[in-house]
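A quick write-up on the structure given underneath.
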Amino acid sequence: MATPSQTPASGSPLAKAFARDGYAFPIRALAADQATSLRRRLERAEADAATQGNMKAMVTGLPHLVMPEFHDIVRDPAITDPVSEILGQDLLVWGCSFFTKEPRTKSFVSWHQDLTYWGLDDVDKVTAWVALSPATLESGCMRFVSGSHTQQIVPHKDTFDPDNLLTRGQEVAVEVKDEDAIDVELQPGEMSLHHGRIFHASHPNASDDRRIGLAIRYIKPSMRQTSGVKTFAVLARGEDRVGNFELAARPEGGFSDADVERCREAFRRRESILYSGATDDGRRKMA
């Protein structure tokens, strides 16, 4: 199967740049006022879910399965058009989650490659990272190492560091030179695209505002989970002619019983994959 780093889905300048570098930014995905509106919707949902058990994990960890607004965003052509230049016209959303750093906190993301623990059989994956607040050097924007996507998956180690936003606190077990990093600064409504094997990380947020990014993981329908578990996905564009994933419909909203149950089942199916081989008791509780 062709990979994005080897054979772009088109000869567009975006696809060529992505194939060369492993990333592309900044790309205007949402109007600034739309990004602000979505941020407010997220923060209302966070407040409503704060006292409802594991509901907040659903809001931040799989928002497109419980909130209609975010289901619609992951299917928005303003986002999927650029992704389709790289992966082609048939797109699934394998996952969608918020990476939020509170003001002046220690939260960070270590150097890692996305596909390390996702249990997928190929690399036809692009993450669209959409800024809902300013992602700047001060607030801890993402950082990429250009061209690192051409490497295979390198060894990673689990740290389960409580300040690390990654599930296992995973980090590459090879040296990454800080001077090789590209800072990915974005304004609200802008997005970056990155390859599943690129080295990326981010520093803590030293600003007075939250740093909020929505990470949408797009894959080709031809991919599958190597474990045989049929995880949930959303058809973002085109067709799914293969059926390797269970397609989730648009949520009803209002945290209906059906939406909540589906989201819980989605987390359950993912947990065995994302924590495969982990032995540390510091693993995070999924919804």
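Quick note on naming: the chains in the structure tokens go A, B, ... in the order shown, residues restart at 1 in each chain, and ligands are numbered from 1 in order of appearance.
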
>> Using only C-alpha atoms, which protein or nucleic acid residues come within 6 Å of range 113-129 of chain A? Drop anything in the same chain fewer than 3 positions from it, and give the result as a list in words.
In response: Thr3, Met191, Ser192, Leu193, His194, His195, Gly196, Arg197, Ile198, Phe199, Leu214, Ala215, Ile216, Arg217, Tyr218, Ile219, Lys220, Arg224, Gln225, Thr226 and Leu274 of chain A

>> With only C-alpha atoms as the counted atoms, please give the residues lying no more than 7 Å from Asn164 in chain A, apart from itself and same-chain residues fewer than 5 positions off, as a PyMOL selection string.
In response: chain A and resi 107-110+169

Please save N, CA and C atoms of the selected residues as a short mmCIF file (atom, residue, chain, number, x, y, z; two decimals), in the first residue's frame.
```
data_model
loop_
_atom_site.label_atom_id
_atom_site.label_comp_id
_atom_site.auth_asym_id
_atom_site.auth_seq_id
_atom_site.Cartn_x
_atom_site.Cartn_y
_atom_site.Cartn_z
N SER A 107 1.95 21.11 31.93
CA SER A 107 1.56 20.12 30.92
C SER A 107 2.38 20.27 29.65
N PHE A 108 2.83 19.14 29.12
CA PHE A 108 3.65 19.14 27.92
C PHE A 108 3.38 17.87 27.13
N VAL A 109 3.94 17.81 25.94
CA VAL A 109 3.88 16.59 25.13
C VAL A 109 5.30 16.24 24.73
N SER A 110 5.72 15.02 25.03
CA SER A 110 7.08 14.58 24.73
C SER A 110 7.23 14.22 23.25
N GLY A 169 2.37 8.71 28.40
CA GLY A 169 3.55 9.53 28.60
C GLY A 169 4.70 9.05 27.74
#
```

>> Considering only alpha helix (DSSP H) as DSSP defines it on the backbone, what residues of range 1-235 of chain A qualify? List them as a ChimeraX atom specification.
In response: /A:13-21,32-49,55-61,68-74,77-87

Write out the residues from the selection above, keeping N, CA and C atoms, as a compact mmCIF listing (two decimals), in the first residue's frame.
```txt
# COMPACT_ATOMS: atom_id res chain seq x y z
N PRO A 13 0.68 21.25 -4.75
CA PRO A 13 1.79 21.76 -3.95
C PRO A 13 1.71 21.30 -2.49
N LEU A 14 0.48 21.25 -1.94
CA LEU A 14 0.32 20.78 -0.57
C LEU A 14 0.79 19.35 -0.42
N ALA A 15 0.34 18.47 -1.32
CA ALA A 15 0.71 17.07 -1.24
C ALA A 15 2.22 16.88 -1.38
N LYS A 16 2.83 17.65 -2.26
CA LYS A 16 4.27 17.54 -2.47
C LYS A 16 5.04 18.02 -1.24
N ALA A 17 4.60 19.13 -0.65
CA ALA A 17 5.25 19.64 0.56
C ALA A 17 5.10 18.65 1.71
N PHE A 18 3.91 18.06 1.82
CA PHE A 18 3.66 17.09 2.88
C PHE A 18 4.55 15.86 2.70
N ALA A 19 4.68 15.40 1.47
CA ALA A 19 5.52 14.24 1.19
C ALA A 19 6.98 14.53 1.54
N ARG A 20 7.42 15.75 1.30
CA ARG A 20 8.81 16.12 1.56
C ARG A 20 9.08 16.33 3.06
N ASP A 21 8.19 17.10 3.72
CA ASP A 21 8.44 17.53 5.08
C ASP A 21 7.75 16.70 6.15
N ALA A 32 -12.22 32.81 12.29
CA ALA A 32 -11.83 33.06 13.68
C ALA A 32 -13.05 33.06 14.62
N ASP A 33 -14.17 33.64 14.16
CA ASP A 33 -15.35 33.67 15.03
C ASP A 33 -15.96 32.29 15.20
N GLN A 34 -15.83 31.44 14.18
CA GLN A 34 -16.31 30.06 14.30
C GLN A 34 -15.47 29.29 15.31
N ALA A 35 -14.15 29.51 15.28
CA ALA A 35 -13.27 28.86 16.25
C ALA A 35 -13.62 29.30 17.66
N THR A 36 -13.90 30.59 17.84
CA THR A 36 -14.29 31.11 19.15
C THR A 36 -15.60 30.49 19.61
N SER A 37 -16.56 30.35 18.71
CA SER A 37 -17.85 29.76 19.05
C SER A 37 -17.68 28.30 19.48
N LEU A 38 -16.85 27.55 18.77
CA LEU A 38 -16.62 26.15 19.12
C LEU A 38 -15.89 26.03 20.46
N ARG A 39 -14.99 26.96 20.71
CA ARG A 39 -14.32 26.95 22.01
C ARG A 39 -15.34 27.16 23.12
N ARG A 40 -16.24 28.10 22.94
CA ARG A 40 -17.27 28.34 23.96
C ARG A 40 -18.15 27.11 24.16
N ARG A 41 -18.48 26.43 23.06
CA ARG A 41 -19.30 25.22 23.15
C ARG A 41 -18.56 24.14 23.92
N LEU A 42 -17.28 23.98 23.63
CA LEU A 42 -16.47 23.01 24.36
C LEU A 42 -16.44 23.34 25.84
N GLU A 43 -16.20 24.59 26.17
CA GLU A 43 -16.05 24.96 27.58
C GLU A 43 -17.36 24.85 28.34
N ARG A 44 -18.49 25.08 27.68
CA ARG A 44 -19.79 24.83 28.33
C ARG A 44 -19.95 23.34 28.61
N ALA A 45 -19.58 22.51 27.63
CA ALA A 45 -19.70 21.07 27.81
C ALA A 45 -18.77 20.57 28.91
N GLU A 46 -17.57 21.12 28.98
CA GLU A 46 -16.64 20.75 30.06
C GLU A 46 -17.25 21.08 31.42
N ALA A 47 -17.83 22.26 31.53
CA ALA A 47 -18.43 22.67 32.81
C ALA A 47 -19.61 21.78 33.17
N ASP A 48 -20.45 21.46 32.18
CA ASP A 48 -21.62 20.61 32.43
C ASP A 48 -21.21 19.20 32.83
N ALA A 49 -20.09 18.73 32.27
CA ALA A 49 -19.67 17.34 32.51
C ALA A 49 -18.79 17.19 33.74
N MET A 55 -17.92 11.68 32.17
CA MET A 55 -18.46 12.40 31.02
C MET A 55 -17.45 13.36 30.41
N LYS A 56 -16.63 13.98 31.26
CA LYS A 56 -15.65 14.94 30.74
C LYS A 56 -14.65 14.24 29.82
N ALA A 57 -14.31 13.00 30.12
CA ALA A 57 -13.39 12.26 29.25
C ALA A 57 -13.99 12.07 27.86
N MET A 58 -15.31 11.94 27.78
CA MET A 58 -15.96 11.82 26.48
C MET A 58 -15.90 13.13 25.72
N VAL A 59 -16.12 14.25 26.43
CA VAL A 59 -16.09 15.57 25.80
C VAL A 59 -14.71 15.86 25.23
N THR A 60 -13.67 15.51 25.96
CA THR A 60 -12.32 15.84 25.51
C THR A 60 -11.68 14.73 24.69
N GLY A 61 -12.10 13.47 24.93
CA GLY A 61 -11.43 12.35 24.29
C GLY A 61 -12.04 11.85 23.01
N PRO A 68 -22.79 16.89 18.39
CA PRO A 68 -23.04 17.04 16.95
C PRO A 68 -22.16 18.09 16.27
N GLU A 69 -21.87 19.18 16.98
CA GLU A 69 -21.06 20.25 16.38
C GLU A 69 -19.69 19.74 15.95
N PHE A 70 -19.11 18.88 16.76
CA PHE A 70 -17.77 18.40 16.44
C PHE A 70 -17.81 17.23 15.45
N HIS A 71 -18.90 16.50 15.41
CA HIS A 71 -19.09 15.53 14.34
C HIS A 71 -19.13 16.26 12.99
N ASP A 72 -19.80 17.39 12.95
CA ASP A 72 -19.89 18.16 11.71
C ASP A 72 -18.54 18.77 11.33
N ILE A 73 -17.77 19.21 12.33
CA ILE A 73 -16.47 19.82 12.05
C ILE A 73 -15.51 18.81 11.41
N VAL A 74 -15.49 17.57 11.89
CA VAL A 74 -14.53 16.61 11.33
C VAL A 74 -14.88 16.24 9.89
N PRO A 77 -15.67 20.28 4.70
CA PRO A 77 -14.76 20.29 3.54
C PRO A 77 -13.57 21.23 3.70
N ALA A 78 -13.72 22.29 4.50
CA ALA A 78 -12.58 23.19 4.71
C ALA A 78 -11.41 22.45 5.36
N ILE A 79 -11.71 21.38 6.10
CA ILE A 79 -10.68 20.54 6.70
C ILE A 79 -10.37 19.34 5.84
N THR A 80 -11.41 18.67 5.33
CA THR A 80 -11.17 17.43 4.59
C THR A 80 -10.62 17.66 3.18
N ASP A 81 -10.87 18.84 2.60
CA ASP A 81 -10.32 19.11 1.26
C ASP A 81 -8.79 19.00 1.26
N PRO A 82 -8.08 19.71 2.16
CA PRO A 82 -6.62 19.57 2.17
C PRO A 82 -6.15 18.15 2.50
N VAL A 83 -6.86 17.49 3.44
CA VAL A 83 -6.47 16.12 3.79
C VAL A 83 -6.62 15.19 2.60
N SER A 84 -7.68 15.39 1.81
CA SER A 84 -7.92 14.52 0.65
C SER A 84 -6.86 14.70 -0.43
N GLU A 85 -6.20 15.85 -0.47
CA GLU A 85 -5.09 16.03 -1.42
C GLU A 85 -3.95 15.07 -1.10
N ILE A 86 -3.87 14.64 0.14
CA ILE A 86 -2.80 13.75 0.59
C ILE A 86 -3.24 12.29 0.59
N LEU A 87 -4.43 12.02 1.14
CA LEU A 87 -4.89 10.64 1.32
C LEU A 87 -5.87 10.17 0.27
```

> What does the distance from CA of Leu62 in chain A to CA of Leu235 in chain A come to in Å, to one decimal?
Replying inline: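 Atom-to-atom, CA of Leu62 in chain A and CA of Leu235 in chain A are spaced 14.8 Å apart.
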
> DSSP says strand (DSSP E) for which residues of range 126-245 of chain A? Put them as a ChimeraX atom specification?
Replying inline: /A:126-131,142-145,156-157,171-172,181-184,190-195,200-202,211-219,232-237
